[in-house]
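S.K.: File data.pdb below, PDB, C-alpha atoms:
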```pdb
ATOM      1  CA  MET X   1    -112.749  84.622 160.328
ATOM      2  CA  GLU X   2    -115.767  82.574 159.472
ATOM      3  CA  ASN X   3    -116.272  84.403 156.196
ATOM      4  CA  GLY X   4    -112.911  83.278 154.749
ATOM      5  CA  ALA X   5    -111.263  86.704 154.788
ATOM      6  CA  VAL X   6    -108.099  85.239 156.278
ATOM      7  CA  TYR X   7    -107.530  82.946 153.317
ATOM      8  CA  GLY X   8    -108.239  85.429 150.543
ATOM      9  CA  PRO X   9    -105.002  87.467 150.440
ATOM     10  CA  THR X  10    -102.673  84.497 150.985
ATOM     11  CA  THR X  11    -104.137  82.085 148.458
ATOM     12  CA  GLU X  12    -102.765  82.161 144.918
ATOM     13  CA  GLU X  13    -104.736  81.398 141.856
ATOM     14  CA  ASP X  14    -103.752  78.421 139.750
ATOM     15  CA  PRO X  15    -101.140  79.883 137.367
ATOM     16  CA  GLY X  16    -102.046  77.391 134.647
ATOM     17  CA  PRO X  17     -99.485  76.109 132.174
ATOM     18  CA  ALA X  18     -96.080  77.775 132.171
ATOM     19  CA  ARG X  19     -95.882  80.764 129.935
ATOM     20  CA  GLY X  20     -92.953  82.174 128.077
ATOM     21  CA  ALA X  21     -90.618  81.252 125.302
ATOM     22  CA  ARG X  22     -88.869  78.436 127.168
ATOM     23  CA  SER X  23     -90.742  76.069 129.419
ATOM     24  CA  GLY X  24     -90.568  72.408 130.260
ATOM     25  CA  LEU X  25     -87.640  70.478 128.819
ATOM     26  CA  ALA X  26     -86.740  73.300 126.443
ATOM     27  CA  ALA X  27     -85.643  75.375 129.436
ATOM     28  CA  TYR X  28     -82.800  72.916 130.044
ATOM     29  CA  PHE X  29     -81.277  73.080 126.560
ATOM     30  CA  SER X  30     -79.000  75.822 125.323
ATOM     31  CA  LEU X  31     -77.608  75.767 121.799
ATOM     32  CA  GLY X  32     -75.627  78.981 122.266
ATOM     33  CA  ARG X  33     -72.468  77.472 123.754
ATOM     34  CA  LEU X  34     -71.170  76.323 120.378
ATOM     35  CA  PRO X  35     -70.739  78.474 117.280
ATOM     36  CA  LEU X  36     -73.252  77.644 114.567
ATOM     37  CA  ARG X  37     -70.787  75.827 112.280
ATOM     38  CA  ARG X  38     -69.491  73.672 115.154
ATOM     39  CA  LEU X  39     -73.046  72.905 116.245
ATOM     40  CA  ALA X  40     -73.874  71.892 112.669
ATOM     41  CA  LEU X  41     -70.773  69.668 112.562
ATOM     42  CA  LYS X  42     -71.729  68.041 115.868
ATOM     43  CA  ALA X  43     -75.260  67.391 114.599
ATOM     44  CA  LEU X  44     -73.900  65.933 111.344
ATOM     45  CA  GLN X  45     -71.468  63.727 113.269
ATOM     46  CA  LEU X  46     -74.357  62.413 115.326
ATOM     47  CA  LEU X  47     -76.645  61.847 112.346
ATOM     48  CA  LEU X  48     -74.059  60.290 110.017
ATOM     49  CA  SER X  49     -72.642  57.939 112.641
ATOM     50  CA  LEU X  50     -76.192  56.831 113.479
ATOM     51  CA  LEU X  51     -76.969  56.244 109.791
ATOM     52  CA  ALA X  52     -73.718  54.302 109.355
ATOM     53  CA  PHE X  53     -74.612  52.151 112.340
ATOM     54  CA  ILE X  54     -78.173  51.524 111.126
ATOM     55  CA  CYS X  55     -77.030  50.616 107.604
ATOM     56  CA  GLU X  56     -74.420  48.273 109.004
ATOM     57  CA  GLU X  57     -77.031  46.601 111.228
ATOM     58  CA  VAL X  58     -79.183  45.854 108.158
ATOM     59  CA  VAL X  59     -76.434  43.630 106.719
ATOM     60  CA  SER X  60     -77.724  40.074 107.133
ATOM     61  CA  GLN X  61     -74.673  38.028 106.098
ATOM     62  CA  CYS X  62     -71.003  38.542 105.456
ATOM     63  CA  THR X  63     -68.057  36.591 104.140
ATOM     64  CA  LEU X  64     -65.259  38.341 106.046
ATOM     65  CA  CYS X  65     -67.040  39.619 109.132
ATOM     66  CA  GLY X  66     -64.091  41.142 111.018
ATOM     67  CA  GLY X  67     -64.298  44.453 109.157
ATOM     68  CA  LEU X  68     -68.058  44.558 109.621
ATOM     69  CA  TYR X  69     -67.808  43.937 113.369
ATOM     70  CA  PHE X  70     -65.073  46.540 113.805
ATOM     71  CA  PHE X  71     -67.124  49.054 111.807
ATOM     72  CA  GLU X  72     -70.173  48.212 113.930
ATOM     73  CA  PHE X  73     -68.265  48.860 117.157
ATOM     74  CA  VAL X  74     -66.743  52.106 115.903
ATOM     75  CA  SER X  75     -69.956  53.513 114.411
ATOM     76  CA  CYS X  76     -71.932  52.755 117.574
ATOM     77  CA  SER X  77     -69.189  54.214 119.770
ATOM     78  CA  ALA X  78     -68.947  57.310 117.573
ATOM     79  CA  PHE X  79     -72.685  57.837 117.814
ATOM     80  CA  LEU X  80     -72.699  57.477 121.596
ATOM     81  CA  LEU X  81     -69.641  59.697 122.116
ATOM     82  CA  SER X  82     -70.979  62.434 119.837
ATOM     83  CA  LEU X  83     -74.344  62.238 121.605
ATOM     84  CA  LEU X  84     -72.602  62.510 124.972
ATOM     85  CA  ILE X  85     -70.521  65.550 124.029
ATOM     86  CA  LEU X  86     -73.553  67.245 122.444
ATOM     87  CA  ILE X  87     -75.571  66.643 125.616
ATOM     88  CA  VAL X  88     -72.770  68.139 127.722
ATOM     89  CA  TYR X  89     -72.613  71.255 125.541
ATOM     90  CA  CYS X  90     -76.389  71.759 125.353
ATOM     91  CA  THR X  91     -77.489  71.071 128.930
ATOM     92  CA  PRO X  92     -76.740  72.536 132.367
ATOM     93  CA  VAL X  93     -74.085  69.828 132.806
ATOM     94  CA  TYR X  94     -71.737  72.209 130.965
ATOM     95  CA  ASP X  95     -72.039  74.700 133.824
ATOM     96  CA  GLN X  96     -71.261  72.018 136.414
ATOM     97  CA  VAL X  97     -67.919  70.888 134.954
ATOM     98  CA  ASP X  98     -64.694  72.723 134.220
ATOM     99  CA  THR X  99     -65.029  74.389 130.798
ATOM    100  CA  PRO X 100     -61.404  73.852 129.676
ATOM    101  CA  LYS X 101     -61.721  70.156 130.502
ATOM    102  CA  VAL X 102     -64.887  69.857 128.416
ATOM    103  CA  LYS X 103     -63.149  71.508 125.476
ATOM    104  CA  GLN X 104     -60.050  69.355 125.911
ATOM    105  CA  SER X 105     -62.144  66.185 126.122
ATOM    106  CA  ASP X 106     -64.084  67.238 123.040
ATOM    107  CA  PHE X 107     -60.812  67.900 121.209
ATOM    108  CA  TYR X 108     -59.304  64.484 121.929
ATOM    109  CA  LEU X 109     -62.570  62.529 121.551
ATOM    110  CA  THR X 110     -63.262  64.148 118.196
ATOM    111  CA  ALA X 111     -59.735  63.498 116.939
ATOM    112  CA  GLY X 112     -59.657  59.896 118.111
ATOM    113  CA  THR X 113     -63.125  59.120 116.845
ATOM    114  CA  GLY X 114     -62.415  60.678 113.459
ATOM    115  CA  PHE X 115     -59.197  58.730 112.904
ATOM    116  CA  VAL X 116     -60.602  55.417 114.148
ATOM    117  CA  PHE X 117     -63.812  55.883 112.118
ATOM    118  CA  LEU X 118     -61.719  56.535 109.017
ATOM    119  CA  LEU X 119     -59.661  53.421 109.733
ATOM    120  CA  ALA X 120     -62.811  51.322 110.305
ATOM    121  CA  SER X 121     -64.306  52.589 107.044
ATOM    122  CA  ILE X 122     -61.130  51.703 105.127
ATOM    123  CA  ILE X 123     -61.048  48.223 106.664
ATOM    124  CA  PHE X 124     -64.746  47.722 105.941
ATOM    125  CA  VAL X 125     -64.196  48.748 102.298
ATOM    126  CA  SER X 126     -61.588  46.033 101.937
ATOM    127  CA  THR X 127     -63.767  43.296 103.485
ATOM    128  CA  HIS X 128     -67.347  44.065 102.401
ATOM    129  CA  ASP X 129     -69.484  41.900 100.082
ATOM    130  CA  ARG X 130     -70.704  44.800  97.911
ATOM    131  CA  THR X 131     -74.318  44.795  99.075
ATOM    132  CA  LYS X 132     -76.280  48.039  98.987
ATOM    133  CA  ALA X 133     -76.531  48.216 102.776
ATOM    134  CA  GLU X 134     -72.773  47.801 103.149
ATOM    135  CA  ILE X 135     -72.050  50.439 100.534
ATOM    136  CA  ALA X 136     -74.460  52.863 102.232
ATOM    137  CA  ALA X 137     -72.816  52.157 105.602
ATOM    138  CA  ILE X 138     -69.379  52.790 104.099
ATOM    139  CA  VAL X 139     -70.492  56.075 102.522
ATOM    140  CA  PHE X 140     -72.023  57.268 105.785
ATOM    141  CA  GLY X 141     -68.903  56.097 107.636
ATOM    142  CA  PHE X 142     -66.583  58.088 105.403
ATOM    143  CA  LEU X 143     -68.831  61.153 105.613
ATOM    144  CA  ALA X 144     -68.988  60.869 109.405
ATOM    145  CA  SER X 145     -65.210  60.516 109.661
ATOM    146  CA  ILE X 146     -64.813  63.615 107.468
ATOM    147  CA  MET X 147     -67.152  65.533 109.805
ATOM    148  CA  PHE X 148     -65.220  64.393 112.881
ATOM    149  CA  LEU X 149     -61.864  65.250 111.338
ATOM    150  CA  SER X 150     -63.017  68.642 110.030
ATOM    151  CA  ASP X 151     -64.345  69.479 113.504
ATOM    152  CA  PHE X 152     -60.967  68.433 114.908
ATOM    153  CA  VAL X 153     -59.148  70.707 112.430
ATOM    154  CA  ILE X 154     -61.392  73.642 113.366
ATOM    155  CA  MET X 155     -60.751  73.065 117.069
ATOM    156  CA  PHE X 156     -57.018  72.708 116.408
ATOM    157  CA  PHE X 157     -56.832  76.092 114.668
ATOM    158  CA  GLU X 158     -58.993  77.723 117.359
ATOM    159  CA  ARG X 159     -56.643  76.412 120.054
ATOM    160  CA  ARG X 160     -53.645  77.602 118.072
ATOM    161  CA  GLN X 161     -55.117  81.101 117.703
ATOM    162  CA  GLU X 162     -55.861  81.237 121.434
ATOM    163  CA  SER X 163     -52.301  80.253 122.296
ATOM    164  CA  GLN X 164     -50.867  82.855 119.886
ATOM    165  CA  MET X 165     -53.067  85.532 121.418
ATOM    166  CA  ARG X 166     -51.692  84.657 124.868
ATOM    167  CA  LYS X 167     -48.032  84.775 123.776
ATOM    168  CA  PRO X 168     -47.819  88.576 123.338
ATOM    169  CA  GLU X 169     -49.345  89.079 126.794
ATOM    170  CA  ALA X 170     -46.822  86.713 128.330
ATOM    171  CA  ALA X 171     -43.960  88.387 126.449
ATOM    172  CA  ARG X 172     -45.063  91.842 127.606
ATOM    173  CA  SER X 173     -45.350  90.808 131.220
ATOM    174  CA  ALA X 174     -41.991  88.996 131.060
ATOM    175  CA  GLY X 175     -40.412  92.046 129.376
ATOM    176  CA  ALA X 176     -41.720  94.306 132.101
ATOM    177  CA  LEU X 177     -39.953  92.201 134.688
ATOM    178  CA  THR X 178     -36.580  92.307 132.915
ATOM    179  CA  GLU X 179     -36.474  96.054 132.248
ATOM    180  CA  PRO X 180     -34.362  98.073 134.675
ATOM    181  CA  LEU X 181     -36.294 100.257 137.087
ATOM    182  CA  ASN X 182     -34.344 103.446 136.233
ATOM    183  CA  ALA X 183     -34.921 103.219 132.478
TER     184      ALA X 183
END
```
Will you turn the file into structure tokens for me?

M.R.:
Amino acid sequence: MENGAVYGPTTEEDPGPARGARSGLAAYFSLGRLPLRRLALKALQLLLSLLAFICEEVVSQCTLCGGLYFFEFVSCSAFLLSLLILIVYCTPVYDQVDTPKVKQSDFYLTAGTGFVFLLASIIFVSTHDRTKAEIAAIVFGFLASIMFLSDFVIMFFERRQESQMRKPEAARSAGALTEPLNA
């Protein structure tokens, strides 16, 4: 016992830094839950709404500020909501919540954000002072609203296809119940 033989087989060496393809924070992110085109749309929504917000924040003075303030609120909200939904899809939070509820929330948030962002961009166009920062904010706002609305359209058609695929199964099972047993 005095020679340290007891501690030899039970003591591990220092494993050093984690090895492998995914370690640290990268182990918590998964980009595979969304198809590539939807992931690209989500990233563009995030980027364009952030750029719209930044360009709007650069505006130093305005004549009719109501449109600017509404655009500011909508662009900031769009950025935060798109960041939130992207975090839910790309982290283990997705596994902790009900998947249909995440998809339904994404569907309605994307639709609402797209329509309100489009409305805010139209209002801002009618009230801006034609400075370069305002024009850039408007362009990014329209592009972001197009990304939100195109993502909404894609989700709408995906939901429609899923419901049409379920209809034949329901019709077959309902038909099996109505057929006579001696047929």

S.K.: Name the residues that the PyMOL selection byres ((chain X and resi 147) around 9) picks from the file above, as a count of residues only, using the file's chain letters and numbers.

M.R.: 16

S.K.: Please report, as JSON, the centre and edge lengths in Å to one decimal of an axis-aligned box covering all listed atoms of segment 147-157 of chain X with 6 Å per side.

M.R.:
```
{"center_x": -62.0, "center_y": 70.2, "center_z": 113.4, "size_x": 22.3, "size_y": 23.7, "size_z": 19.3}
```

S.K.: Under the PyMOL selection byres ((chain X and resi 86) around 10), which residues of this model are included? Write them out as a ChimeraX atom specification.

M.R.: /X:31,34,39,42-43,46,80-85,87-91,106

S.K.: Print the selection's residues with C-alpha atoms to a file, as a PDB file, keeping the file's coordinate frame.

M.R.:
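The resulting file, again_7.pdb, is shown below:
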```pdb
ATOM      1  CA  LEU X  31     -77.608  75.767 121.799  1.00  0.00           C
ATOM      2  CA  LEU X  34     -71.170  76.323 120.378  1.00  0.00           C
ATOM      3  CA  LEU X  39     -73.046  72.905 116.245  1.00  0.00           C
ATOM      4  CA  LYS X  42     -71.729  68.041 115.868  1.00  0.00           C
ATOM      5  CA  ALA X  43     -75.260  67.391 114.599  1.00  0.00           C
ATOM      6  CA  LEU X  46     -74.357  62.413 115.326  1.00  0.00           C
ATOM      7  CA  LEU X  80     -72.699  57.477 121.596  1.00  0.00           C
ATOM      8  CA  LEU X  81     -69.641  59.697 122.116  1.00  0.00           C
ATOM      9  CA  SER X  82     -70.979  62.434 119.837  1.00  0.00           C
ATOM     10  CA  LEU X  83     -74.344  62.238 121.605  1.00  0.00           C
ATOM     11  CA  LEU X  84     -72.602  62.510 124.972  1.00  0.00           C
ATOM     12  CA  ILE X  85     -70.521  65.550 124.029  1.00  0.00           C
ATOM     13  CA  ILE X  87     -75.571  66.643 125.616  1.00  0.00           C
ATOM     14  CA  VAL X  88     -72.770  68.139 127.722  1.00  0.00           C
ATOM     15  CA  TYR X  89     -72.613  71.255 125.541  1.00  0.00           C
ATOM     16  CA  CYS X  90     -76.389  71.759 125.353  1.00  0.00           C
ATOM     17  CA  THR X  91     -77.489  71.071 128.930  1.00  0.00           C
ATOM     18  CA  ASP X 106     -64.084  67.238 123.040  1.00  0.00           C
TER      19      ASP X 106
END
```

S.K.: Select, from X:Gln61, X:Cys55, X:Ile135, X:Phe107, the residue with the minimum atom-to-atom distance to Phe157 of chain X, counting all atoms listed in the file.

M.R.: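 Residue with the minimum atom-to-atom distance to Phe157 of chain X: X:Phe107.
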
S.K.: Go through the shown structure with the PyMOL selection byres ((chain X and resi 51) around 9) and write out the matching residues as a list in words.

M.R.: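 With the shown file as input, the PyMOL selection byres ((chain X and resi 51) around 9) matches Leu46, Leu47, Leu48, Ser49, Leu50, Ala52, Phe53, Ile54, Cys55, Glu56, Ser75, Ala136, Ala137, Phe140 and Gly141 of chain X.
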
S.K.: Have a look at X:Ala133, X:Cys62, X:Ile138, X:Val153 and name the one nearest to Leu119 of chain X; count all atoms listed in the file.

M.R.: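 Of X:Ala133, X:Cys62, X:Ile138, X:Val153, the one nearest Leu119 of chain X, counting all atoms listed in the file, is X:Ile138.
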
S.K.: Could you please determine the separation between atom CA of Arg166 of chain X and atom CA of Leu36 of chain X in Å, to one decimal place?

M.R.: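 According to the coordinates, atom CA of Arg166 of chain X and atom CA of Leu36 of chain X are separated by 24.9 Å.
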
S.K.: One decimal, Å: what's the distance from atom CA of Glu134 of chain X over to atom CA of Val58 of chain X, could you say?

M.R.: 8.4 Å

S.K.: Restricting the calculation to all atoms listed in the file: of X:Ile154, X:Val74, X:Val93, X:Lys101, which residue gets closest to Arg37 of chain X?

M.R.: X:Ile154

S.K.: Between X:Tyr69, X:Phe29, X:Phe156, X:Tyr94, which one has atoms that come closest to Tyr108 of chain X, using all atoms listed in the file?

M.R.: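 Residue with the minimum atom-to-atom distance to Tyr108 of chain X: X:Phe156.
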
S.K.: Have a look at X:Ser163, X:Ser105, X:Ser60, X:Ser77 and name the one nearest to Phe117 of chain X; count all atoms listed in the file.

M.R.: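 With all atoms listed in the file as the atom set, the closest residue is X:Ser77.
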
S.K.: Suppose you want the space between atom CA of Ala78 of chain X and atom CA of Gly66 of chain X; what is it in Å?

M.R.: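 Separation between atom CA of Ala78 of chain X and atom CA of Gly66 of chain X: 18.1 Å.
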
S.K.: Which one of X:Leu68, X:Val125, X:Met155, X:Thr131 sits closest to Leu109 of chain X if you count only C-alpha atoms?

M.R.: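 Using only C-alpha atoms, Leu109 of chain X sits closest to X:Met155.
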